[in-house]
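Encoded as structure tokens, the structure appears first; notes follow it.
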Amino acid sequence: MAICTQNVLRTSERHILALLNQIHQSRLNELEHFHKTVTQELANLEKRTRFLSNLEKDTLDTVHGFRAGGSSKESGGRSPKWKV
């Protein structure tokens, strides 16, 4: 009877350890997914911020050119940097 009880306890312990390992692996997978998502969103934010900064600069350059009585050709013929 004692041997049977020990075997049941060992089997239960192995199952619990396996479950804890699966939980740990799931947590690691979630963290990895989170990290990839945050990294990708940060790169997207940087691109959008760069785009908006260029758009703002080009808009201000255009407004200043009109106020000075110039045209886009007088501002060096630059093409807008609006590409994302």
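By convention here, the chains of the structure tokens are called A, B, ... in the order presented, each chain's residues are numbered starting at 1, and ligands are numbered starting at 1 in the order presented.
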DSSP alpha helix (DSSP H) residues within chain A, as a ChimeraX atom specification: /A:2-67
Provide the atom CA of His35 of chain A to atom CA of Asn54 of chain A distance in Å, to one decimal place. 28.7 Å
